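Report on the structure given below.
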Amino acid sequence: MTRVFTADWVLPVEGPPIEAGAVAVEDGRIAAVGTTEDLGEGTHYDDAVIVPGFVNAHSHLEYAVYAGFGDGLGDFAEWITLHIERKARIDWDEYVDVAKFGAAQCLASGVTTVGDCSYSGATAVACAELGLRATVYLEVFGFDSAQALERFARIRARVGDAFSTRVRPGVSPHAPYSVSIEVYEACAELGLPIATHISESPAEIEYLLTGAGTWGGYKDLLISSPGKTGTHLLAEHDLLGPNVVAAHCVVLDEDEIGLLASTGTGVAHCPRSNAVLGCGVAPLAELRAAGARVGVGTDSPASAPSFDFFEELRSVLLSARARATRPDVLSAGEALELGTLGSARALDLDGEIGSLVPGKWADFAVVSLEGSAYLPWEDPAGAVVLGGSPDRVIATYVDGEARYEKGGMDWQELTAAAHSARRAMLAQPAAKPVAAPRA
Ligand SMILES: [Zn+2]
């Protein structure tokens, strides 16, 4: 059966905007994209835009209730210690509750796919249950590759039933300062999609290059190869490539930008997280100019305040223009492309999702601009990026099925369960008192 969805505008991202546009869906995939005149009226949304579902290229749904945890702490050791302690205070069911809350917030924000780094595996269960498409990168840490693989196998076995065509497994060797090169290599041999964190802050770079700086005294960190940044280290061991997505990539020199681009490595640009943690502004224009596969990620409320993808897209636009001191360095349409097709490329899923073209999965969001300052229409992409919000998302479709409809989500239940987990994490005082923020 073919169903048709129509709105004032359809933004296919691949191809020009279509006024009075229509998307036809068959068997979960896009059958045709055209005008209402061509395809019929079907289900019509007034004062609205149909966009490809947003692709969140880097998230941690399991940290959905971490807002404000450790905010402003200047000492990395204290920040990470606080997180580890609190994480240990909740059990598996609470992990799932929190991840479901995060997945629901993503769907409500028009997100149809996440590339999620998952500590416990709960993300896979949450995404399977709520119908959110995902690559779930199960996290591993440490020096020892046998131990890392054992942890990976244990978590994968626990959540194995949750994996499907829509929710696929990946592995995440966490970062070059928390994972040895042997563990990276063992992960690569699994033949799965890989996510890692690279070049997030000047402190990380200083530590990897010299073993000193503000991270120098933290005993649980490691350096595989002194004097090398994560990008150089992974490139030398042939561990970059299109099956790898690197989150952050803030502190990069010209060589590193070239390496990421030439290897086809995905880059998840997370401007709000990078700003909140005081890490800097990633060289987005330079990465794009080099041809890197750049997408957009919200990271999690442990750093960025929310999974609000519209806020993230605005931050992509604002930070790029502020860094370049030029308003034409990134248009609203280009920001929209980064958060859809760009992220799909970063996750190596652009053959299946990221734009509205026949044959791809019917993953799309309907954004209402009713009553907004951007009506009557001038630039529909600008209206979505600058004027959109989760509150304006009318519906989010994955595989042609409505996985979210405004007013239809049981927020009371989701919120109560997630807040109970947060309360458990806050119940006892931290072992170390939370220090006052550094000036
Ligand atoms: Zn992350």
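FYI, nothing fancy with the structure tokens labels: chains A, B, ... in order, residues from 1 per chain, ligands from 1 as they appear.
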List every residue of segment 41-251 of chain A that DSSP, applied to the backbone of this structure, places in strand (DSSP E or B), and write the result as a ChimeraX atom specification. /A:43-52,54-59,111-118,133-140,142,167-173,179,194-198,244-248
Write to file, as a compact mmCIF listing (two decimals), in the first residue's frame, the residues of the selection just made, with N, CA and C atoms.
# COMPACT_ATOMS: atom_id res chain seq x y z
N THR A 43 -1.93 12.53 3.43
CA THR A 43 -1.99 13.18 4.75
C THR A 43 -1.30 14.52 4.63
N HIS A 44 -2.07 15.60 4.81
CA HIS A 44 -1.50 16.93 4.58
C HIS A 44 -1.20 17.65 5.90
N TYR A 45 -0.04 18.32 5.93
CA TYR A 45 0.35 19.12 7.09
C TYR A 45 0.44 20.58 6.66
N ASP A 46 -0.40 21.41 7.29
CA ASP A 46 -0.46 22.84 6.96
C ASP A 46 0.68 23.62 7.61
N ASP A 47 1.16 24.66 6.95
CA ASP A 47 2.21 25.53 7.50
C ASP A 47 3.41 24.72 7.98
N ALA A 48 3.72 23.67 7.24
CA ALA A 48 4.74 22.75 7.73
C ALA A 48 5.73 22.37 6.63
N VAL A 49 6.86 21.83 7.07
CA VAL A 49 7.92 21.35 6.18
C VAL A 49 8.18 19.88 6.50
N ILE A 50 8.33 19.09 5.45
CA ILE A 50 8.77 17.70 5.64
C ILE A 50 10.27 17.65 5.33
N VAL A 51 11.05 17.23 6.32
CA VAL A 51 12.51 17.14 6.15
C VAL A 51 12.94 15.69 6.37
N PRO A 52 14.10 15.30 5.82
CA PRO A 52 14.63 13.99 6.18
C PRO A 52 14.81 13.95 7.70
N PHE A 54 16.36 13.84 11.20
CA PHE A 54 17.71 14.24 11.62
C PHE A 54 18.49 13.00 12.04
N VAL A 55 19.77 13.04 11.77
CA VAL A 55 20.65 11.92 12.13
C VAL A 55 21.62 12.44 13.18
N ASN A 56 21.48 11.94 14.39
CA ASN A 56 22.32 12.38 15.50
C ASN A 56 23.58 11.52 15.50
N ALA A 57 24.66 12.09 14.98
CA ALA A 57 25.86 11.29 14.72
C ALA A 57 26.67 10.94 15.97
N HIS A 58 26.35 11.58 17.09
CA HIS A 58 27.04 11.20 18.33
C HIS A 58 26.17 11.51 19.54
N SER A 59 25.74 10.45 20.20
CA SER A 59 24.92 10.65 21.40
C SER A 59 25.31 9.62 22.46
N VAL A 111 14.60 13.50 15.31
CA VAL A 111 15.74 12.60 15.04
C VAL A 111 15.18 11.21 14.71
N THR A 112 15.69 10.60 13.63
CA THR A 112 15.23 9.26 13.25
C THR A 112 16.34 8.22 13.38
N THR A 113 17.59 8.68 13.49
CA THR A 113 18.73 7.75 13.65
C THR A 113 19.71 8.35 14.65
N VAL A 114 20.25 7.49 15.51
CA VAL A 114 21.35 7.92 16.37
C VAL A 114 22.55 7.02 16.15
N GLY A 115 23.73 7.62 16.28
CA GLY A 115 24.98 6.87 16.40
C GLY A 115 25.35 7.01 17.86
N ASP A 116 25.05 5.99 18.66
CA ASP A 116 25.09 6.16 20.11
C ASP A 116 26.19 5.33 20.74
N CYS A 117 27.02 5.97 21.54
CA CYS A 117 28.05 5.26 22.30
C CYS A 117 27.43 4.82 23.61
N SER A 118 27.37 3.51 23.81
CA SER A 118 26.58 2.95 24.90
C SER A 118 27.47 2.21 25.88
N ARG A 133 15.95 4.36 14.78
CA ARG A 133 17.05 3.69 14.09
C ARG A 133 18.36 4.02 14.81
N ALA A 134 19.25 3.06 14.89
CA ALA A 134 20.47 3.31 15.66
C ALA A 134 21.62 2.43 15.22
N THR A 135 22.82 3.00 15.31
CA THR A 135 24.01 2.18 15.43
C THR A 135 24.44 2.33 16.88
N VAL A 136 24.47 1.21 17.60
CA VAL A 136 24.79 1.25 19.03
C VAL A 136 26.23 0.76 19.20
N TYR A 137 27.11 1.70 19.47
CA TYR A 137 28.53 1.40 19.62
C TYR A 137 28.79 1.04 21.09
N LEU A 138 28.96 -0.25 21.35
CA LEU A 138 29.17 -0.69 22.74
C LEU A 138 30.59 -0.28 23.17
N GLU A 139 30.66 0.40 24.32
CA GLU A 139 31.94 1.01 24.72
C GLU A 139 32.88 0.02 25.40
N VAL A 140 34.15 0.14 25.03
CA VAL A 140 35.20 -0.61 25.72
C VAL A 140 36.32 0.36 26.14
N GLY A 142 40.41 0.64 28.37
CA GLY A 142 41.56 0.00 29.01
C GLY A 142 42.69 -0.44 28.10
N VAL A 167 18.36 -1.55 14.29
CA VAL A 167 19.27 -1.28 15.41
C VAL A 167 20.48 -2.19 15.25
N ARG A 168 21.57 -1.60 14.76
CA ARG A 168 22.72 -2.47 14.45
C ARG A 168 23.84 -2.26 15.46
N PRO A 169 24.61 -3.31 15.71
CA PRO A 169 25.68 -3.18 16.70
C PRO A 169 26.94 -2.55 16.12
N GLY A 170 27.64 -1.84 16.97
CA GLY A 170 28.96 -1.32 16.66
C GLY A 170 29.80 -1.42 17.91
N VAL A 171 31.04 -0.94 17.82
CA VAL A 171 31.91 -0.99 19.00
C VAL A 171 32.58 0.38 19.15
N SER A 172 32.75 0.79 20.39
CA SER A 172 33.39 2.08 20.63
C SER A 172 34.57 1.97 21.58
N PRO A 173 35.78 1.81 21.00
CA PRO A 173 36.97 2.02 21.83
C PRO A 173 36.96 3.50 22.20
N VAL A 179 42.14 4.03 26.00
CA VAL A 179 42.16 2.75 25.29
C VAL A 179 43.53 2.60 24.64
N ILE A 194 32.64 1.51 13.96
CA ILE A 194 33.43 1.94 15.12
C ILE A 194 33.17 3.42 15.41
N ALA A 195 33.04 3.75 16.69
CA ALA A 195 32.98 5.15 17.10
C ALA A 195 34.04 5.39 18.16
N THR A 196 34.66 6.57 18.10
CA THR A 196 35.64 6.92 19.14
C THR A 196 35.61 8.42 19.35
N HIS A 197 36.30 8.87 20.41
CA HIS A 197 36.38 10.30 20.71
C HIS A 197 37.80 10.77 20.41
N ILE A 198 37.92 11.80 19.57
CA ILE A 198 39.26 12.25 19.16
C ILE A 198 39.40 13.76 19.29
N VAL A 244 34.51 4.31 10.54
CA VAL A 244 34.85 4.92 11.83
C VAL A 244 34.22 6.30 11.89
N VAL A 245 33.56 6.60 13.03
CA VAL A 245 33.11 7.97 13.26
C VAL A 245 33.85 8.50 14.49
N ALA A 246 34.47 9.67 14.31
CA ALA A 246 35.25 10.28 15.39
C ALA A 246 34.47 11.48 15.93
N ALA A 247 34.14 11.42 17.20
CA ALA A 247 33.38 12.51 17.81
C ALA A 247 34.32 13.64 18.21
N HIS A 248 33.84 14.85 18.09
CA HIS A 248 34.46 16.11 18.52
C HIS A 248 35.44 16.68 17.49
Show which residues sit within 9 Å of segment 329-342 of chain A, as a PDB file with C-alpha atoms, in the first residue's frame. Count only C-alpha atoms, and ignore same-chain residues fewer than 3 positions away.
ATOM      1  CA  VAL A  13      18.240  17.724   0.879  1.00  0.00           C
ATOM      2  CA  GLU A  14      19.443  15.868  -2.220  1.00  0.00           C
ATOM      3  CA  VAL A  51      12.508  17.140   6.146  1.00  0.00           C
ATOM      4  CA  PRO A  52      14.633  13.988   6.182  1.00  0.00           C
ATOM      5  CA  GLY A  53      14.779  12.717   9.762  1.00  0.00           C
ATOM      6  CA  PHE A  54      17.709  14.239  11.615  1.00  0.00           C
ATOM      7  CA  VAL A  55      20.646  11.918  12.133  1.00  0.00           C
ATOM      8  CA  ASN A  56      22.320  12.380  15.500  1.00  0.00           C
ATOM      9  CA  ALA A  57      25.861  11.288  14.717  1.00  0.00           C
ATOM     10  CA  ALA A 285      34.743  25.113   7.425  1.00  0.00           C
ATOM     11  CA  ARG A 293      32.439  13.408   5.965  1.00  0.00           C
ATOM     12  CA  VAL A 294      31.106  15.723   8.664  1.00  0.00           C
ATOM     13  CA  GLY A 295      27.862  15.230  10.547  1.00  0.00           C
ATOM     14  CA  VAL A 296      26.265  16.673  13.665  1.00  0.00           C
ATOM     15  CA  GLY A 297      25.889  15.158  17.139  1.00  0.00           C
ATOM     16  CA  PHE A 309      18.604  18.816  17.586  1.00  0.00           C
ATOM     17  CA  GLU A 312      22.413  21.807  17.872  1.00  0.00           C
ATOM     18  CA  LEU A 313      21.822  22.906  14.258  1.00  0.00           C
ATOM     19  CA  ARG A 314      21.643  26.541  15.327  1.00  0.00           C
ATOM     20  CA  VAL A 316      26.493  24.559  14.134  1.00  0.00           C
ATOM     21  CA  LEU A 317      25.478  27.666  12.190  1.00  0.00           C
ATOM     22  CA  LEU A 318      26.374  30.230  14.862  1.00  0.00           C
ATOM     23  CA  ALA A 320      30.799  28.329  12.170  1.00  0.00           C
ATOM     24  CA  ARG A 321      29.961  31.940  11.356  1.00  0.00           C
ATOM     25  CA  ALA A 324      35.033  32.336  10.353  1.00  0.00           C
ATOM     26  CA  THR A 325      33.794  35.905  10.996  1.00  0.00           C
ATOM     27  CA  ARG A 326      31.690  35.513   7.858  1.00  0.00           C
ATOM     28  CA  ARG A 345      27.660   9.924   5.617  1.00  0.00           C
ATOM     29  CA  ALA A 346      29.567  10.167   8.913  1.00  0.00           C
ATOM     30  CA  LEU A 347      27.828   6.965  10.087  1.00  0.00           C
ATOM     31  CA  LEU A 349      24.591   5.007   6.217  1.00  0.00           C
ATOM     32  CA  ASP A 350      24.064   7.507   3.396  1.00  0.00           C
ATOM     33  CA  ILE A 353      19.033   7.302   4.964  1.00  0.00           C
ATOM     34  CA  GLY A 354      19.793  11.038   5.225  1.00  0.00           C
ATOM     35  CA  SER A 355      17.798  12.418   2.303  1.00  0.00           C
ATOM     36  CA  ASP A 379      13.499  30.175   2.906  1.00  0.00           C
ATOM     37  CA  PRO A 380      11.979  26.931   4.288  1.00  0.00           C
ATOM     38  CA  ALA A 381      15.398  25.528   5.313  1.00  0.00           C
ATOM     39  CA  GLY A 382      16.123  28.733   7.229  1.00  0.00           C
ATOM     40  CA  ALA A 383      12.703  28.499   8.873  1.00  0.00           C
ATOM     41  CA  VAL A 384      13.402  24.946  10.081  1.00  0.00           C
ATOM     42  CA  VAL A 385      16.956  25.593  11.289  1.00  0.00           C
ATOM     43  CA  LEU A 386      16.419  29.039  12.817  1.00  0.00           C
TER      44      LEU A 386
END
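The residue that comes closest to Tyr397 of chain A, out of A:Ala203, A:Met425, A:Ala261, A:Val366 and on the basis of only C-alpha atoms, is A:Val366.
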Shortest contact to Pro193 of chain A, candidates A:Ala304, A:Leu252, A:Leu240, A:Leu277, atoms counted only C-alpha atoms, goes to A:Leu240
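If you measure from each of A:Gly264, A:Ala20, A:Gly34, A:Glu236 to Val357 of chain A using only C-alpha atoms, the closest one turns out to be A:Gly34.
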Using DSSP on the backbone coordinates, identify all residues within segment 151-369 of chain A classified as helix (DSSP H, G or I); present the result as a compact mmCIF listing (two decimals) with N, CA and C atoms, in the first residue's frame.
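File part.txt, as written:
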# COMPACT_ATOMS: atom_id res chain seq x y z
N ARG A 151 34.41 -7.83 27.62
CA ARG A 151 33.36 -6.88 28.01
C ARG A 151 32.38 -6.68 26.85
N PHE A 152 32.94 -6.49 25.63
CA PHE A 152 32.09 -6.29 24.46
C PHE A 152 31.14 -7.49 24.26
N ALA A 153 31.70 -8.71 24.34
CA ALA A 153 30.90 -9.92 24.10
C ALA A 153 29.80 -10.06 25.15
N ARG A 154 30.13 -9.71 26.39
CA ARG A 154 29.16 -9.82 27.48
C ARG A 154 27.98 -8.87 27.24
N ILE A 155 28.28 -7.62 26.90
CA ILE A 155 27.20 -6.65 26.70
C ILE A 155 26.40 -7.01 25.45
N ARG A 156 27.11 -7.42 24.41
CA ARG A 156 26.40 -7.77 23.18
C ARG A 156 25.45 -8.94 23.42
N ALA A 157 25.90 -9.93 24.20
CA ALA A 157 25.04 -11.07 24.49
C ALA A 157 23.82 -10.63 25.30
N ARG A 158 24.04 -9.68 26.22
CA ARG A 158 22.92 -9.23 27.06
C ARG A 158 21.83 -8.56 26.24
N VAL A 159 22.22 -7.80 25.21
CA VAL A 159 21.21 -7.04 24.46
C VAL A 159 21.03 -7.58 23.04
N GLY A 160 21.55 -8.77 22.79
CA GLY A 160 21.54 -9.33 21.44
C GLY A 160 20.18 -9.31 20.75
N ASP A 161 19.12 -9.58 21.51
CA ASP A 161 17.78 -9.63 20.93
C ASP A 161 17.34 -8.27 20.39
N ALA A 162 17.95 -7.23 20.88
CA ALA A 162 17.52 -5.88 20.47
C ALA A 162 18.06 -5.52 19.08
N ILE A 181 46.34 1.04 21.90
CA ILE A 181 46.27 0.80 20.47
C ILE A 181 45.92 -0.68 20.19
N GLU A 182 46.33 -1.57 21.10
CA GLU A 182 45.98 -2.99 20.94
C GLU A 182 44.46 -3.19 21.04
N VAL A 183 43.83 -2.43 21.94
CA VAL A 183 42.37 -2.54 22.07
C VAL A 183 41.70 -1.98 20.82
N TYR A 184 42.21 -0.85 20.30
CA TYR A 184 41.67 -0.33 19.03
C TYR A 184 41.77 -1.38 17.93
N GLU A 185 42.93 -2.04 17.87
CA GLU A 185 43.13 -3.04 16.80
C GLU A 185 42.19 -4.23 16.97
N ALA A 186 42.01 -4.66 18.20
CA ALA A 186 41.10 -5.79 18.46
C ALA A 186 39.66 -5.41 18.06
N CYS A 187 39.28 -4.17 18.34
CA CYS A 187 37.94 -3.70 17.96
C CYS A 187 37.79 -3.70 16.44
N ALA A 188 38.83 -3.25 15.74
CA ALA A 188 38.76 -3.18 14.27
C ALA A 188 38.55 -4.58 13.69
N GLU A 189 39.16 -5.58 14.34
CA GLU A 189 39.03 -6.96 13.82
C GLU A 189 37.62 -7.52 13.94
N PRO A 202 42.13 20.96 24.16
CA PRO A 202 43.57 21.25 24.23
C PRO A 202 44.25 20.44 25.34
N ALA A 203 43.53 20.18 26.45
CA ALA A 203 44.13 19.41 27.55
C ALA A 203 44.44 17.98 27.10
N GLU A 204 43.54 17.39 26.31
CA GLU A 204 43.78 16.03 25.80
C GLU A 204 45.03 16.02 24.91
N ILE A 205 45.13 16.99 24.03
CA ILE A 205 46.27 17.03 23.11
C ILE A 205 47.57 17.21 23.89
N GLU A 206 47.55 18.13 24.85
CA GLU A 206 48.76 18.36 25.65
C GLU A 206 49.17 17.08 26.37
N TYR A 207 48.18 16.38 26.92
CA TYR A 207 48.47 15.15 27.65
C TYR A 207 49.06 14.08 26.72
N LEU A 208 48.46 13.89 25.55
CA LEU A 208 48.95 12.86 24.63
C LEU A 208 50.34 13.21 24.08
N LEU A 209 50.58 14.50 23.91
CA LEU A 209 51.88 14.90 23.36
C LEU A 209 52.99 14.89 24.39
N THR A 210 52.65 15.27 25.65
CA THR A 210 53.71 15.47 26.64
C THR A 210 53.53 14.65 27.92
N GLY A 230 45.60 11.48 18.80
CA GLY A 230 44.75 10.35 18.43
C GLY A 230 44.66 10.17 16.93
N THR A 231 44.50 11.27 16.20
CA THR A 231 44.34 11.16 14.74
C THR A 231 45.58 10.55 14.11
N HIS A 232 46.78 11.05 14.51
CA HIS A 232 48.03 10.51 13.94
C HIS A 232 48.22 9.05 14.32
N LEU A 233 47.95 8.74 15.58
CA LEU A 233 48.14 7.38 16.06
C LEU A 233 47.25 6.40 15.29
N LEU A 234 45.96 6.74 15.16
CA LEU A 234 45.04 5.83 14.47
C LEU A 234 45.38 5.74 12.98
N ALA A 235 45.79 6.86 12.40
CA ALA A 235 46.16 6.85 10.97
C ALA A 235 47.36 5.93 10.76
N GLU A 236 48.37 6.03 11.64
CA GLU A 236 49.57 5.20 11.48
C GLU A 236 49.27 3.72 11.59
N GLU A 254 46.39 21.06 10.24
CA GLU A 254 46.08 20.85 8.81
C GLU A 254 46.28 19.39 8.38
N ASP A 255 47.37 18.78 8.87
CA ASP A 255 47.65 17.37 8.53
C ASP A 255 46.52 16.46 8.98
N GLU A 256 46.05 16.71 10.20
CA GLU A 256 45.01 15.85 10.77
C GLU A 256 43.70 16.00 9.99
N ILE A 257 43.39 17.24 9.60
CA ILE A 257 42.19 17.46 8.79
C ILE A 257 42.33 16.67 7.48
N GLY A 258 43.51 16.72 6.89
CA GLY A 258 43.76 15.98 5.65
C GLY A 258 43.62 14.47 5.85
N LEU A 259 44.13 13.96 6.97
CA LEU A 259 44.05 12.52 7.24
C LEU A 259 42.60 12.07 7.42
N LEU A 260 41.83 12.85 8.17
CA LEU A 260 40.42 12.48 8.38
C LEU A 260 39.68 12.48 7.05
N ALA A 261 39.96 13.50 6.22
CA ALA A 261 39.25 13.60 4.93
C ALA A 261 39.69 12.49 3.98
N SER A 262 41.01 12.28 3.86
CA SER A 262 41.50 11.32 2.84
C SER A 262 41.13 9.88 3.18
N PRO A 271 28.98 20.97 18.54
CA PRO A 271 29.37 22.31 18.98
C PRO A 271 28.89 22.70 20.38
N ARG A 272 27.69 22.25 20.79
CA ARG A 272 27.23 22.67 22.13
C ARG A 272 28.05 21.99 23.22
N SER A 273 28.28 20.68 23.08
CA SER A 273 29.10 19.97 24.05
C SER A 273 30.49 20.58 24.15
N ASN A 274 31.08 20.86 22.98
CA ASN A 274 32.43 21.42 22.97
C ASN A 274 32.47 22.79 23.65
N ALA A 275 31.39 23.56 23.51
CA ALA A 275 31.34 24.88 24.14
C ALA A 275 31.14 24.76 25.64
N VAL A 276 30.19 23.90 26.05
CA VAL A 276 29.88 23.77 27.49
C VAL A 276 31.12 23.32 28.26
N LEU A 284 35.09 23.55 11.40
CA LEU A 284 34.09 22.98 10.50
C LEU A 284 34.33 23.38 9.05
N ALA A 285 34.58 24.65 8.81
CA ALA A 285 34.74 25.11 7.43
C ALA A 285 35.95 24.42 6.79
N GLU A 286 37.01 24.27 7.56
CA GLU A 286 38.23 23.63 7.04
C GLU A 286 37.98 22.14 6.76
N LEU A 287 37.26 21.48 7.65
CA LEU A 287 36.94 20.06 7.44
C LEU A 287 36.08 19.89 6.19
N ARG A 288 35.10 20.77 6.02
CA ARG A 288 34.22 20.67 4.85
C ARG A 288 35.01 20.97 3.57
N ALA A 289 35.87 21.97 3.65
CA ALA A 289 36.66 22.33 2.46
C ALA A 289 37.57 21.18 2.05
N ALA A 290 38.05 20.42 3.05
CA ALA A 290 38.94 19.28 2.75
C ALA A 290 38.15 18.07 2.25
N PHE A 309 17.78 18.78 18.79
CA PHE A 309 18.60 18.82 17.59
C PHE A 309 18.53 20.17 16.88
N PHE A 310 17.43 20.89 17.10
CA PHE A 310 17.33 22.23 16.49
C PHE A 310 18.35 23.17 17.14
N GLU A 311 18.48 23.06 18.47
CA GLU A 311 19.49 23.86 19.16
C GLU A 311 20.89 23.51 18.64
N GLU A 312 21.10 22.21 18.36
CA GLU A 312 22.41 21.81 17.87
C GLU A 312 22.67 22.40 16.48
N LEU A 313 21.64 22.36 15.61
CA LEU A 313 21.82 22.91 14.26
C LEU A 313 22.09 24.41 14.31
N ARG A 314 21.39 25.10 15.20
CA ARG A 314 21.64 26.54 15.33
C ARG A 314 23.07 26.78 15.83
N SER A 315 23.52 25.93 16.74
CA SER A 315 24.89 26.08 17.24
C SER A 315 25.92 25.79 16.16
N VAL A 316 25.61 24.83 15.28
CA VAL A 316 26.49 24.56 14.13
C VAL A 316 26.64 25.84 13.31
N LEU A 317 25.49 26.46 13.02
CA LEU A 317 25.48 27.67 12.19
C LEU A 317 26.20 28.83 12.88
N LEU A 318 25.83 29.07 14.14
CA LEU A 318 26.37 30.23 14.86
C LEU A 318 27.87 30.08 15.08
N SER A 319 28.31 28.88 15.51
CA SER A 319 29.73 28.73 15.82
C SER A 319 30.57 28.80 14.55
N ALA A 320 30.04 28.27 13.43
CA ALA A 320 30.80 28.33 12.17
C ALA A 320 30.96 29.78 11.72
N ARG A 321 29.89 30.54 11.81
CA ARG A 321 29.96 31.94 11.36
C ARG A 321 30.82 32.78 12.30
N ALA A 322 30.72 32.51 13.61
CA ALA A 322 31.52 33.27 14.57
C ALA A 322 33.00 32.97 14.37
N ARG A 323 33.33 31.68 14.17
CA ARG A 323 34.74 31.29 14.01
C ARG A 323 35.32 31.89 12.73
N ALA A 324 34.52 31.86 11.65
CA ALA A 324 35.03 32.34 10.35
C ALA A 324 34.87 33.85 10.19
N PRO A 327 29.27 35.59 7.50
CA PRO A 327 27.93 34.98 7.54
C PRO A 327 27.70 33.96 6.43
N ASP A 328 28.49 34.02 5.36
CA ASP A 328 28.25 33.13 4.23
C ASP A 328 29.07 31.83 4.29
N VAL A 329 29.74 31.61 5.43
CA VAL A 329 30.56 30.40 5.53
C VAL A 329 29.67 29.15 5.62
N ALA A 332 21.83 28.17 6.20
CA ALA A 332 20.89 27.33 6.97
C ALA A 332 20.67 26.01 6.22
N GLY A 333 20.58 26.07 4.90
CA GLY A 333 20.40 24.85 4.11
C GLY A 333 21.58 23.90 4.27
N GLU A 334 22.79 24.47 4.34
CA GLU A 334 23.98 23.63 4.54
C GLU A 334 24.00 23.02 5.94
N ALA A 335 23.53 23.79 6.93
CA ALA A 335 23.45 23.25 8.30
C ALA A 335 22.46 22.08 8.33
N LEU A 336 21.33 22.26 7.64
CA LEU A 336 20.34 21.18 7.58
C LEU A 336 20.94 19.94 6.90
N GLU A 337 21.70 20.17 5.85
CA GLU A 337 22.33 19.04 5.15
C GLU A 337 23.33 18.32 6.07
N LEU A 338 24.08 19.11 6.86
CA LEU A 338 25.04 18.48 7.78
C LEU A 338 24.34 17.57 8.78
N GLY A 339 23.16 18.02 9.26
CA GLY A 339 22.45 17.26 10.29
C GLY A 339 21.62 16.10 9.75
N THR A 340 21.57 15.95 8.44
CA THR A 340 20.80 14.85 7.85
C THR A 340 21.74 13.96 7.01
N LEU A 341 21.95 14.37 5.76
CA LEU A 341 22.81 13.58 4.87
C LEU A 341 24.26 13.54 5.36
N GLY A 342 24.74 14.67 5.91
CA GLY A 342 26.12 14.72 6.42
C GLY A 342 26.32 13.70 7.53
N SER A 343 25.39 13.68 8.47
CA SER A 343 25.50 12.70 9.57
C SER A 343 25.36 11.28 9.06
N ALA A 344 24.47 11.09 8.07
CA ALA A 344 24.32 9.75 7.49
C ALA A 344 25.65 9.31 6.86
N ARG A 345 26.34 10.24 6.19
CA ARG A 345 27.66 9.92 5.62
C ARG A 345 28.65 9.58 6.73
N ALA A 346 28.62 10.39 7.81
CA ALA A 346 29.57 10.17 8.91
C ALA A 346 29.37 8.78 9.52
When you draw a straight line from atom CA of Gly121 of chain A to atom CA of His83 of chain A, how long is it in Å? 17.3 Å
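The protein and nucleic acid residues lying at most 6 Å from segment 90-107 of chain A are Leu61, Glu62, Ala64, Val111, Ala122, Thr123, Ala126, Phe307, Leu414, Ala417, Ala418 and Ala421 of chain A, with only C-alpha atoms considered and sequence neighbours fewer than 4 positions away removed.
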Restricting the output to C-alpha atoms, write the selected residues as a short mmCIF file (atom, residue, chain, number, x, y, z; two decimals), in the first residue's frame.
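File out.cif, as written:
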data_model
loop_
_atom_site.label_atom_id
_atom_site.label_comp_id
_atom_site.auth_asym_id
_atom_site.auth_seq_id
_atom_site.Cartn_x
_atom_site.Cartn_y
_atom_site.Cartn_z
CA LEU A 61 21.20 8.20 25.39
CA GLU A 62 22.10 6.56 28.69
CA ALA A 64 19.77 11.57 29.33
CA VAL A 111 15.74 12.60 15.04
CA ALA A 122 20.65 -0.19 27.27
CA THR A 123 20.48 2.10 24.24
CA ALA A 126 15.49 1.49 24.20
CA PHE A 307 19.10 16.22 22.83
CA LEU A 414 8.95 8.08 30.74
CA ALA A 417 11.09 6.48 35.49
CA ALA A 418 14.02 8.58 34.29
CA ALA A 421 17.10 7.05 38.20
#
Between atom CA of Leu222 of chain A and atom CA of Gly72 of chain A, what is the spacing in Å? 24.3 Å
